[in-house]
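Asks: Input entry.cif, format and content: mmCIF, C-alpha atoms.
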data_run
loop_
_atom_site.label_atom_id
_atom_site.label_comp_id
_atom_site.auth_asym_id
_atom_site.auth_seq_id
_atom_site.Cartn_x
_atom_site.Cartn_y
_atom_site.Cartn_z
CA MET H 3 -33.31 -6.85 14.09
CA LYS H 4 -31.63 -6.31 10.71
CA ASN H 5 -33.54 -7.18 7.56
CA MET H 6 -31.22 -9.79 6.06
CA LYS H 7 -32.99 -9.56 2.71
CA ASN H 8 -32.05 -5.87 2.36
CA MET H 9 -28.56 -6.17 3.82
CA LYS H 10 -26.03 -5.31 1.13
CA LYS H 11 -22.42 -6.47 1.07
CA ILE H 12 -20.04 -3.54 0.64
CA ALA H 13 -16.46 -3.36 -0.60
CA LEU H 14 -15.13 -0.03 0.67
CA LEU H 15 -11.99 1.32 -1.01
CA GLY H 16 -10.32 4.28 0.68
CA SER H 17 -11.86 3.53 4.06
CA THR H 18 -9.72 5.86 6.19
CA GLY H 19 -10.22 9.00 4.11
CA SER H 20 -12.92 11.63 4.54
CA ILE H 21 -15.44 9.93 2.23
CA GLY H 22 -14.49 6.49 3.54
CA THR H 23 -15.12 7.35 7.18
CA GLN H 24 -18.42 9.05 6.34
CA THR H 25 -19.44 6.03 4.26
CA LEU H 26 -18.95 3.87 7.34
CA GLU H 27 -21.25 6.20 9.32
CA VAL H 28 -23.91 5.75 6.64
CA ILE H 29 -23.40 1.98 6.60
CA ASP H 30 -23.84 1.88 10.36
CA GLY H 31 -27.29 3.38 9.90
CA LEU H 32 -28.24 1.13 7.00
CA GLY H 33 -27.02 -2.05 8.64
CA TYR H 34 -25.04 -3.16 5.59
CA GLU H 35 -22.13 -5.59 5.82
CA ILE H 36 -18.52 -4.64 5.09
CA VAL H 37 -16.90 -7.56 3.26
CA SER H 38 -13.66 -5.79 2.34
CA LEU H 39 -11.73 -2.64 3.24
CA SER H 40 -8.82 -0.94 1.56
CA PHE H 41 -6.73 1.96 2.79
CA HIS H 42 -3.30 3.42 2.12
CA SER H 43 -1.22 4.17 5.21
CA ASN H 44 -3.40 5.16 8.19
CA GLU H 45 -2.52 2.13 10.30
CA VAL H 46 -4.18 3.26 13.53
CA LEU H 47 -7.57 4.08 12.02
CA GLY H 48 -7.32 1.10 9.68
CA LYS H 49 -6.92 -1.29 12.62
CA GLU H 50 -9.87 0.29 14.42
CA GLN H 51 -12.06 -0.23 11.35
CA ILE H 52 -10.91 -3.81 10.91
CA LEU H 53 -11.71 -4.68 14.51
CA LYS H 54 -15.13 -3.04 14.32
CA TYR H 55 -16.33 -4.30 10.93
CA LYS H 56 -14.47 -7.61 10.72
CA PRO H 57 -14.09 -7.71 6.91
CA LYS H 58 -12.95 -10.95 5.35
CA PHE H 59 -10.47 -9.15 3.08
CA VAL H 60 -8.22 -6.12 3.65
CA VAL H 61 -5.96 -4.24 1.25
CA VAL H 62 -3.20 -1.90 2.44
CA SER H 63 -1.66 -0.13 -0.54
CA ASP H 64 1.30 1.52 1.20
CA GLU H 65 4.13 -1.01 1.21
CA LYS H 66 5.63 -0.12 4.60
CA THR H 67 2.24 -0.03 6.32
CA TYR H 68 1.32 -3.34 4.70
CA GLU H 69 4.45 -5.00 6.12
CA LYS H 70 3.72 -3.62 9.60
CA ILE H 71 0.06 -4.63 9.64
CA THR H 72 0.43 -8.13 8.12
CA PRO H 73 1.01 -9.92 11.49
CA PHE H 74 -2.13 -8.23 12.87
CA LEU H 75 -4.18 -9.45 9.90
CA ASN H 76 -2.71 -12.94 10.12
CA GLU H 77 -3.61 -13.12 13.79
CA LEU H 78 -7.22 -12.29 12.91
CA SER H 79 -7.20 -14.80 10.02
CA ILE H 80 -8.13 -12.03 7.56
CA GLN H 81 -7.10 -12.44 3.95
CA HIS H 82 -5.05 -9.50 2.74
CA SER H 83 -3.24 -7.98 -0.20
CA HIS H 84 -1.15 -5.01 -1.29
CA GLU H 85 -3.15 -4.55 -4.53
CA PRO H 86 -6.21 -2.22 -4.21
CA LYS H 87 -8.27 -3.78 -7.01
CA GLU H 88 -8.27 -7.11 -5.15
CA ALA H 89 -10.64 -5.55 -2.61
CA VAL H 90 -13.34 -5.76 -5.29
CA LEU H 91 -14.66 -9.11 -4.09
CA ASP H 92 -16.90 -11.28 -6.22
CA ASP H 93 -19.64 -11.38 -3.58
CA ALA H 94 -19.76 -7.61 -3.01
CA ASP H 95 -23.09 -6.06 -4.00
CA ILE H 96 -21.74 -2.51 -4.04
CA VAL H 97 -18.19 -1.23 -4.49
CA VAL H 98 -17.58 2.19 -2.94
CA ASN H 99 -14.53 3.75 -4.58
CA ALA H 100 -13.40 6.55 -2.26
CA VAL H 101 -9.73 6.37 -3.25
CA VAL H 102 -8.14 9.76 -3.91
CA GLY H 103 -6.61 10.45 -7.31
CA SER H 104 -5.81 8.32 -10.35
CA ALA H 105 -4.78 5.50 -8.00
CA GLY H 106 -8.47 4.55 -7.96
CA LEU H 107 -8.77 3.94 -11.70
CA MET H 108 -7.90 0.23 -11.79
CA SER H 109 -10.37 -0.56 -9.02
CA THR H 110 -13.18 1.14 -10.94
CA ILE H 111 -12.31 -0.82 -14.07
CA THR H 112 -12.16 -4.10 -12.12
CA ALA H 113 -15.54 -3.43 -10.52
CA ILE H 114 -17.16 -2.67 -13.89
CA GLU H 115 -15.66 -5.79 -15.44
CA LYS H 116 -17.19 -7.79 -12.57
CA GLY H 117 -20.59 -6.23 -13.22
CA LYS H 118 -20.77 -4.37 -9.91
CA LYS H 119 -22.76 -1.36 -8.81
CA VAL H 120 -20.05 1.24 -8.19
CA ALA H 121 -20.71 4.12 -5.82
CA LEU H 122 -18.08 6.43 -7.27
CA ALA H 123 -16.33 9.15 -5.28
CA ASN H 124 -13.15 8.70 -7.30
CA LYS H 125 -13.91 11.25 -10.02
CA GLU H 126 -10.42 10.75 -11.44
CA SER H 127 -11.51 7.42 -12.89
CA LEU H 128 -13.75 9.23 -15.37
CA VAL H 129 -11.41 12.18 -15.78
CA CYS H 130 -8.48 9.97 -16.77
CA ALA H 131 -10.27 7.30 -18.78
CA GLY H 132 -13.89 8.33 -19.31
CA GLU H 133 -14.01 7.06 -22.90
CA LEU H 134 -12.60 3.69 -21.88
CA ILE H 135 -14.91 3.34 -18.88
CA ASN H 136 -18.01 4.15 -20.92
CA LYS H 137 -17.01 1.44 -23.41
CA LEU H 138 -16.62 -1.02 -20.55
CA LEU H 139 -20.06 -0.09 -19.21
CA LYS H 140 -21.60 -0.85 -22.62
CA ASP H 141 -19.90 -4.26 -22.60
CA ASN H 142 -20.91 -5.01 -19.00
CA LYS H 143 -24.63 -4.28 -18.81
CA GLU H 144 -24.98 -5.32 -15.17
CA ALA H 145 -22.44 -2.74 -14.01
CA LYS H 146 -23.65 0.69 -12.90
CA LEU H 147 -21.87 3.90 -11.90
CA ILE H 148 -23.70 5.93 -9.25
CA PRO H 149 -21.93 9.20 -8.35
CA ILE H 150 -21.13 10.15 -4.78
CA ASP H 151 -19.91 13.68 -5.53
CA SER H 152 -22.68 15.93 -4.20
CA GLU H 153 -22.92 17.84 -7.48
CA HIS H 154 -23.33 14.75 -9.64
CA SER H 155 -25.66 13.16 -7.13
CA ALA H 156 -27.73 16.33 -7.43
CA ILE H 157 -27.79 16.09 -11.23
CA LEU H 158 -28.82 12.43 -11.04
CA GLN H 159 -31.66 13.32 -8.68
CA CYS H 160 -32.81 16.23 -10.88
CA LEU H 161 -32.84 14.15 -14.08
CA SER H 162 -35.37 11.48 -13.08
CA GLY H 163 -35.13 9.80 -16.49
CA ASN H 164 -35.47 13.00 -18.52
CA GLU H 165 -31.96 12.95 -20.01
CA LYS H 166 -33.14 13.64 -23.58
CA GLU H 167 -34.83 16.90 -22.57
CA ILE H 168 -31.77 18.58 -21.00
CA LYS H 169 -30.68 22.00 -22.19
CA LYS H 170 -27.76 22.17 -19.78
CA ILE H 171 -26.58 21.20 -16.32
CA ILE H 172 -25.38 23.80 -13.86
CA LEU H 173 -22.65 22.65 -11.46
CA THR H 174 -22.33 24.76 -8.34
CA ALA H 175 -19.00 25.62 -6.70
CA SER H 176 -18.54 27.19 -3.27
CA GLY H 177 -15.76 29.42 -4.58
CA GLY H 178 -13.40 28.19 -1.89
CA PRO H 179 -11.59 30.27 0.75
CA PHE H 180 -10.22 32.79 -1.77
CA ARG H 181 -13.52 33.74 -3.42
CA GLU H 182 -13.36 37.35 -2.23
CA TRP H 183 -9.60 37.77 -1.96
CA PRO H 184 -7.87 40.31 -4.23
CA TYR H 185 -5.61 38.79 -6.85
CA GLU H 186 -2.37 40.06 -5.27
CA LYS H 187 -3.29 38.41 -1.97
CA ILE H 188 -4.17 35.11 -3.68
CA LYS H 189 -0.69 35.05 -5.23
CA ASN H 190 0.80 34.79 -1.73
CA ALA H 191 -1.76 32.40 -0.25
CA THR H 192 -0.27 29.87 2.15
CA LYS H 193 -0.97 26.18 2.51
CA GLU H 194 -2.72 26.80 5.82
CA GLU H 195 -5.01 29.42 4.25
CA ALA H 196 -5.85 27.19 1.29
CA LEU H 197 -6.81 24.35 3.62
CA LYS H 198 -9.51 26.42 5.37
CA HIS H 199 -12.57 25.54 3.30
CA PRO H 200 -15.59 27.64 4.32
CA ASN H 201 -18.23 24.89 4.06
CA TRP H 202 -16.81 21.37 3.78
CA VAL H 203 -14.45 19.24 5.87
CA MET H 204 -12.38 17.17 3.43
CA GLY H 205 -8.94 15.69 2.88
CA ASN H 206 -5.98 17.92 2.03
CA LYS H 207 -5.85 17.19 -1.69
CA ILE H 208 -9.51 17.85 -2.46
CA THR H 209 -9.47 20.93 -0.19
CA ILE H 210 -6.61 22.46 -2.18
CA ASP H 211 -8.44 21.53 -5.38
CA SER H 212 -11.53 23.31 -4.09
CA ALA H 213 -9.49 26.42 -3.34
CA SER H 214 -8.08 26.47 -6.89
CA LEU H 215 -11.44 25.39 -8.42
CA MET H 216 -9.60 22.42 -9.91
CA ASN H 217 -12.03 20.14 -8.09
CA LYS H 218 -14.84 21.76 -10.07
CA ALA H 219 -12.79 21.42 -13.24
CA LEU H 220 -12.47 17.68 -12.63
CA GLU H 221 -16.20 17.53 -11.94
CA VAL H 222 -16.90 19.18 -15.32
CA ILE H 223 -15.03 16.34 -17.01
CA GLU H 224 -16.70 13.75 -14.79
CA ALA H 225 -20.15 15.12 -15.65
CA TYR H 226 -19.35 15.10 -19.38
CA PHE H 227 -18.72 11.34 -19.32
CA LEU H 228 -21.17 10.40 -16.59
CA PHE H 229 -24.21 11.97 -18.24
CA SER H 230 -23.14 11.78 -21.92
CA LEU H 231 -23.30 15.55 -22.39
CA SER H 232 -21.87 17.94 -24.94
CA ILE H 233 -19.36 20.54 -23.75
CA GLU H 234 -21.91 23.28 -24.40
CA GLN H 235 -24.35 21.65 -21.97
CA ILE H 236 -22.14 22.19 -18.91
CA GLN H 237 -22.06 25.44 -16.93
CA VAL H 238 -20.34 26.28 -13.64
CA VAL H 239 -21.59 28.92 -11.20
CA VAL H 240 -20.27 29.94 -7.80
CA HIS H 241 -22.76 29.40 -5.00
CA PRO H 242 -21.05 30.32 -1.69
CA GLN H 243 -23.68 28.77 0.61
CA SER H 244 -23.29 25.20 -0.80
CA ILE H 245 -27.03 24.58 -0.31
CA VAL H 246 -27.95 24.14 -3.98
CA HIS H 247 -25.74 21.25 -4.98
CA SER H 248 -26.46 21.53 -8.71
CA MET H 249 -29.25 22.22 -11.20
CA VAL H 250 -30.63 20.98 -14.49
CA GLU H 251 -32.17 23.35 -17.04
CA TYR H 252 -34.58 21.71 -19.44
CA VAL H 253 -35.37 22.67 -23.03
CA ASP H 254 -38.66 24.31 -21.98
CA GLY H 255 -36.88 26.75 -19.65
CA ASN H 256 -37.71 25.03 -16.37
CA VAL H 257 -34.79 24.62 -13.94
CA ILE H 258 -34.82 21.90 -11.28
CA ALA H 259 -32.38 22.19 -8.38
CA GLN H 260 -31.40 19.78 -5.61
CA LEU H 261 -30.92 21.37 -2.20
CA GLY H 262 -29.54 19.96 1.01
CA GLU H 263 -27.16 20.54 3.88
CA PRO H 264 -23.46 20.52 2.93
CA ASP H 265 -23.16 16.98 4.29
CA MET H 266 -21.59 14.30 2.11
CA ARG H 267 -23.41 11.56 3.98
CA LEU H 268 -26.61 12.49 2.14
CA ALA H 269 -25.02 11.87 -1.27
CA ILE H 270 -23.26 8.75 0.00
CA GLN H 271 -26.50 7.24 1.30
CA TYR H 272 -28.33 8.02 -1.94
CA ALA H 273 -25.61 6.25 -3.92
CA LEU H 274 -25.80 3.20 -1.66
CA THR H 275 -29.60 2.93 -1.69
CA PHE H 276 -30.24 4.13 -5.27
CA PRO H 277 -32.86 4.22 -6.67
CA ASN H 278 -34.57 4.06 -3.28
CA ARG H 279 -34.50 6.52 -0.38
CA VAL H 280 -34.09 5.58 3.28
CA GLU H 281 -34.69 7.63 6.43
CA ASN H 282 -31.68 8.76 8.46
CA ASN H 283 -30.76 10.83 11.50
CA PHE H 284 -28.58 13.38 9.66
CA ASN H 285 -29.29 17.10 9.89
CA HIS H 286 -31.95 17.97 7.33
CA LEU H 287 -32.13 21.33 5.58
CA ASN H 288 -34.06 24.10 7.31
CA ILE H 289 -34.78 26.61 4.54
CA PHE H 290 -35.88 29.44 6.85
CA GLY H 291 -33.36 32.24 7.07
CA LYS H 292 -31.28 30.93 4.16
CA ILE H 293 -30.08 33.44 1.57
CA LEU H 294 -28.91 31.85 -1.67
CA THR H 295 -26.61 33.74 -4.05
CA PHE H 296 -24.92 32.87 -7.35
CA GLU H 297 -21.87 34.41 -9.01
CA GLN H 298 -19.73 34.07 -12.10
CA VAL H 299 -16.42 32.17 -11.81
CA ARG H 300 -13.53 34.61 -11.35
CA GLN H 301 -11.22 34.80 -14.35
CA GLU H 302 -8.16 34.58 -12.09
CA PHE H 303 -8.91 30.89 -11.71
CA LYS H 304 -7.99 29.08 -14.93
CA SER H 305 -8.99 25.60 -13.81
CA ILE H 306 -12.49 25.56 -15.33
CA ASP H 307 -11.17 26.78 -18.69
CA LEU H 308 -8.47 24.10 -18.58
CA ALA H 309 -11.15 21.45 -18.10
CA PHE H 310 -13.09 22.61 -21.15
CA PHE H 311 -9.84 22.76 -23.14
CA ALA H 312 -9.04 19.18 -22.08
CA LEU H 313 -12.48 18.01 -23.19
CA LYS H 314 -12.19 19.77 -26.56
CA GLU H 315 -8.77 18.23 -27.13
CA GLY H 316 -9.95 14.83 -25.90
CA GLY H 317 -7.81 11.71 -25.87
CA THR H 318 -5.25 11.62 -23.07
CA MET H 319 -5.42 15.37 -22.37
CA PRO H 320 -7.79 15.07 -19.36
CA ALA H 321 -5.47 12.45 -17.83
CA VAL H 322 -2.57 14.88 -18.17
CA LEU H 323 -4.57 17.67 -16.54
CA ASN H 324 -5.33 15.40 -13.59
CA ALA H 325 -1.83 13.98 -13.14
CA ALA H 326 -0.10 17.35 -13.48
CA ASN H 327 -2.50 18.80 -10.92
CA GLU H 328 -1.90 15.94 -8.46
CA ALA H 329 1.85 16.51 -8.73
CA CYS H 330 1.46 20.28 -8.33
CA VAL H 331 -0.78 19.99 -5.28
CA GLN H 332 1.85 17.84 -3.61
CA LEU H 333 4.52 20.42 -4.43
CA PHE H 334 2.32 23.16 -2.98
CA LEU H 335 1.64 21.16 0.20
CA ASN H 336 5.40 20.71 0.50
CA ASN H 337 5.90 24.50 0.14
CA LYS H 338 7.79 24.10 -3.16
CA ILE H 339 5.55 26.24 -5.37
CA SER H 340 3.04 29.05 -4.86
CA PHE H 341 -0.73 28.59 -4.96
CA LEU H 342 -1.27 30.12 -8.40
CA ASP H 343 1.70 28.16 -9.77
CA ILE H 344 -0.56 25.10 -9.63
CA GLN H 345 -2.84 26.18 -12.47
CA ASN H 346 0.02 27.70 -14.47
CA ILE H 347 2.14 24.55 -14.36
CA VAL H 348 -0.87 22.37 -15.23
CA GLU H 349 -1.53 24.59 -18.24
CA THR H 350 2.12 24.35 -19.32
CA ALA H 351 2.04 20.55 -19.06
CA MET H 352 -1.12 20.36 -21.15
CA ASN H 353 0.32 22.64 -23.82
CA SER H 354 3.42 20.42 -23.97
CA HIS H 355 1.56 17.12 -24.22
CA GLU H 356 1.11 15.26 -27.50
CA LYS H 357 -2.30 13.73 -26.93
CA ILE H 358 -3.25 10.20 -27.98
CA ASN H 359 -6.78 9.60 -29.26
CA ASN H 360 -8.61 6.26 -28.96
CA TYR H 361 -6.24 5.42 -26.13
CA THR H 362 -5.66 2.14 -24.38
CA LEU H 363 -5.42 1.77 -20.62
CA GLU H 364 -1.66 1.49 -20.95
CA GLU H 365 -1.52 4.77 -22.89
CA VAL H 366 -3.55 6.53 -20.20
CA GLN H 367 -1.14 5.24 -17.57
CA GLU H 368 1.82 6.40 -19.66
CA ALA H 369 0.29 9.87 -20.06
CA ASP H 370 -0.21 10.00 -16.30
CA ILE H 371 3.45 9.16 -15.68
CA TRP H 372 4.58 11.62 -18.36
CA ALA H 373 2.65 14.48 -16.74
CA ARG H 374 4.02 13.75 -13.26
CA ASN H 375 7.55 13.58 -14.60
CA PHE H 376 7.03 16.81 -16.53
CA VAL H 377 6.14 18.59 -13.28
CA GLU H 378 8.50 16.87 -10.86
CA ASN H 379 11.68 16.41 -12.90
CA ARG H 380 12.25 20.10 -13.47
CA SER H 381 13.98 22.56 -11.23
CA ILE H 382 11.44 24.63 -9.35
CA GLU H 383 13.33 27.76 -10.42
CA ILE H 384 12.10 27.43 -14.00
CA TRP H 385 8.46 27.85 -12.94
CA ASP H 386 8.52 31.64 -13.12
CA PHE H 387 5.11 32.98 -14.07
#
What is this structure when it is put down as structure tokens?
Replies:
Amino acid sequence: MKNMKNMKKIALLGSTGSIGTQTLEVIDGLGYEIVSLSFHSNEVLGKEQILKYKPKFVVVSDEKTYEKITPFLNELSIQHSHEPKEAVLDDADIVVNAVVGSAGLMSTITAIEKGKKVALANKESLVCAGELINKLLKDNKEAKLIPIDSEHSAILQCLSGNEKEIKKIILTASGGPFREWPYEKIKNATKEEALKHPNWVMGNKITIDSASLMNKALEVIEAYFLFSLSIEQIQVVVHPQSIVHSMVEYVDGNVIAQLGEPDMRLAIQYALTFPNRVENNFNHLNIFGKILTFEQVRQEFKSIDLAFFALKEGGTMPAVLNAANEACVQLFLNNKISFLDIQNIVETAMNSHEKINNYTLEEVQEADIWARNFVENRSIEIWDF
């Protein structure tokens, strides 16, 4: 029998994606209640989730899918909307934001304004508007951001309230499928090759980002705002085995690392139950026979340097990095540009952007649109690097 006292009400945004579906697996084990679901266009899986979890509110952000699914929702007497942030219900205890890309920003802001605990997989919220979100958190003391990204979950677990004694944090990256490829071969990498991640099963966008190390670049910016760090306190190392999820080095020279299987459900559950820990049936790490190695980031991948440049510039520059990358990844998935064009075009967009400091939400959104237009409104022939 479920313990009704410990049953949390969950608003799950991005329910049909990789993190969303794994979150539902975790929730099945915890016995929590789904009060709202949001997804974009996966009608078949969305309907299956609705029938299983019986949420009282559903958001479908894709307009055509929303029109198709509305009769189904009406028949079930489920309230519904086309606006993602409306899935942040007043009675939700935890909001899981697993939306991909800057599309998740408004939902994060809405959840903070409502004083919610936010289990955040949408790193773009902090990348695009970290300064604004941190101001909102100061104004809304009840709200909390708990990271779902395995690296930031690892940092949170390693800190244990010792934030003032940090020397630096060390974010680990798998290195992606091209870690050992020669440069000339990387230049001709195909979409299919980039989508073959060696350790993780993820959605297309984040998998391409992992191959280019742009995912790690975004995580550098996320960590900067999430843990109130200086730029000098963030280091990235390549760790091909994805067993050490990240580390914290303290001022006395001690380094604490968090280890675990490369299974996102572990980080998801920790975010949902934080600060407590709950038993589960997931595969637990067997350390015997494991060989752990660490390498420098290859200079051929500019993404990490672009992240540090964006942080040094500040203002709307991180938002431009993110939006230009999202547009480039889509072009690459559509076979319009080469793999290494992604980082080169992002760099060009950043160098062309006139940043705005002390930005408003509207200015962040305008910078996002500007960056996408910069990438998309030009003939592909001019991107000759």
Asks: Of the residues H:Leu128, H:Met9, H:Ile168, H:Val90, which is the one nearest to H:Leu231, using only C-alpha atoms?
Replies: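 Closest residue, counting only C-alpha atoms: H:Ile168.
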Asks: Provide the atom CA of H:Gln271 to atom CA of H:Ile21 distance in Å, to one decimal place.
Replies: 11.4 Å
Asks: Using all atoms listed in the file, which residue out of H:Thr209, H:Ser232, H:Asn337, H:Ser176 lies closest to H:Ser20?
Replies: H:Thr209
Asks: For H:Val239, which residue out of H:Met266, H:Leu32, H:Leu173, H:Leu287 is the nearest one, using only C-alpha atoms?
Replies: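 The closest residue to H:Val239 is H:Leu173.
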Asks: One decimal, in Å: what's the spacing between atom CA of H:Asn201 and atom CA of H:Lys292?
Replies: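 Between these atoms lies a distance of 14.4 Å.
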Asks: Taking (-25.1, 10.0, 2.5) in the file's coordinates, which residues come within 10 Å, counting only C-alpha atoms, written as a ChimeraX atom specification?
Replies: /H:21,24-29,150,152,265-275,282,284
Asks: Please evaluate the PyMOL selection byres ((chain H and resi 85) around 10) against the displayed coordinates and give the resulting residues as a list in words.
Replies: Ser40, Val60, Val61, Val62, Ser63, Asp64, Glu65, His82, Ser83, His84, Pro86, Lys87, Glu88, Ala89, Met108 and Ser109 of chain H
Asks: Excluding H:Asp141 and residues on its chain fewer than 3 positions from it, collect all residues at most 12 Å away from it, counting all atoms listed in the file, and give them as a compact mmCIF listing (two decimals) with C-alpha atoms, in the frame of the given file.
Replies:
# COMPACT_ATOMS: atom_id res chain seq x y z
CA ILE H 111 -12.31 -0.82 -14.07
CA ILE H 114 -17.16 -2.67 -13.89
CA GLU H 115 -15.66 -5.79 -15.44
CA LYS H 116 -17.19 -7.79 -12.57
CA GLY H 117 -20.59 -6.23 -13.22
CA LEU H 134 -12.60 3.69 -21.88
CA ILE H 135 -14.91 3.34 -18.88
CA ASN H 136 -18.01 4.15 -20.92
CA LYS H 137 -17.01 1.44 -23.41
CA LEU H 138 -16.62 -1.02 -20.55
CA GLU H 144 -24.98 -5.32 -15.17
CA ALA H 145 -22.44 -2.74 -14.01
CA LYS H 146 -23.65 0.69 -12.90
Asks: Please identify all polymer residues within 8 Å of H:Ala156, counting only C-alpha atoms, omitting same-chain residues fewer than 3 positions from it, and present them as a list in words.
Replies: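 So, after excluding close chain neighbours, the residues are Ser152, Glu153, Gln159, Cys160, His247, Ser248, Met249, Ala259, Gln260 and Leu261 of chain H.
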Asks: With all atoms listed in the file as the atoms that count, which of H:Val37, H:Val129, H:Leu308, H:Met319 lies nearest to H:Ala225?
Replies: H:Val129
Asks: Could you spell out the hits of the PyMOL selection byres ((chain H and resi 133) around 12) on the shown file, as a compact mmCIF listing (two decimals) with C-alpha atoms, in the coordinates of the input?
Replies:
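Dumped everything to result_28.txt:
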# COMPACT_ATOMS: atom_id res chain seq x y z
CA ILE H 111 -12.31 -0.82 -14.07
CA SER H 127 -11.51 7.42 -12.89
CA LEU H 128 -13.75 9.23 -15.37
CA VAL H 129 -11.41 12.18 -15.78
CA CYS H 130 -8.48 9.97 -16.77
CA ALA H 131 -10.27 7.30 -18.78
CA GLY H 132 -13.89 8.33 -19.31
CA LEU H 134 -12.60 3.69 -21.88
CA ILE H 135 -14.91 3.34 -18.88
CA ASN H 136 -18.01 4.15 -20.92
CA LYS H 137 -17.01 1.44 -23.41
CA LEU H 138 -16.62 -1.02 -20.55
CA LEU H 139 -20.06 -0.09 -19.21
CA LYS H 140 -21.60 -0.85 -22.62
CA ILE H 223 -15.03 16.34 -17.01
CA GLU H 224 -16.70 13.75 -14.79
CA TYR H 226 -19.35 15.10 -19.38
CA PHE H 227 -18.72 11.34 -19.32
CA LEU H 228 -21.17 10.40 -16.59
CA SER H 230 -23.14 11.78 -21.92
CA LEU H 313 -12.48 18.01 -23.19
CA GLY H 316 -9.95 14.83 -25.90
CA GLY H 317 -7.81 11.71 -25.87
CA THR H 318 -5.25 11.62 -23.07
CA MET H 319 -5.42 15.37 -22.37
CA PRO H 320 -7.79 15.07 -19.36
CA ALA H 321 -5.47 12.45 -17.83
CA ASN H 359 -6.78 9.60 -29.26
CA ASN H 360 -8.61 6.26 -28.96
CA TYR H 361 -6.24 5.42 -26.13
CA THR H 362 -5.66 2.14 -24.38
CA LEU H 363 -5.42 1.77 -20.62
CA VAL H 366 -3.55 6.53 -20.20
Asks: Which value, in Å to one decimal, gives the distance between atom CA of H:Asp95 and atom CA of H:Lys10?
Replies: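 Between atom CA of H:Asp95 and atom CA of H:Lys10 the gap is 6.0 Å.
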Asks: Between H:Pro242, H:Leu75, H:Lys11, H:Gly31, which is the closest to H:Ile52 once you count all atoms listed in the file?
Replies: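 Once distances to H:Ile52 are computed over all atoms listed in the file, the minimum belongs to H:Leu75.
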Asks: Could you check which of H:Val322, H:Leu14, H:Ala219, H:Ala113 is closest to H:Gln51, using only C-alpha atoms?
Replies: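 Closest to H:Gln51, using only C-alpha atoms: H:Leu14.
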Asks: Show me as a ChimeraX atom specification the residues that reach within 10 Å of (5.5, 15.3, -23.2), counting all atoms listed in the file and using the file's own coordinates.
Replies: /H:322,351-357,369,371-373,375-376
Asks: What does the PyMOL selection byres ((chain H and resi 213) around 7) select in this file, as a list in words?
Replies: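 Taken over the shown coordinates, the PyMOL selection byres ((chain H and resi 213) around 7) returns Gly178, Pro179, Phe180, Ala196, Thr209, Ile210, Asp211, Ser212, Ser214 and Leu215 of chain H.
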Asks: Output, as JSON, the centre and edge lengths in Å (one decimal) of the axis-aligned box that contains all listed atoms of stretch 114-129 of chain H with 3 Å of margin on each side.
Replies:
{"center_x": -16.6, "center_y": 2.2, "center_z": -10.5, "size_x": 18.3, "size_y": 26.0, "size_z": 16.5}
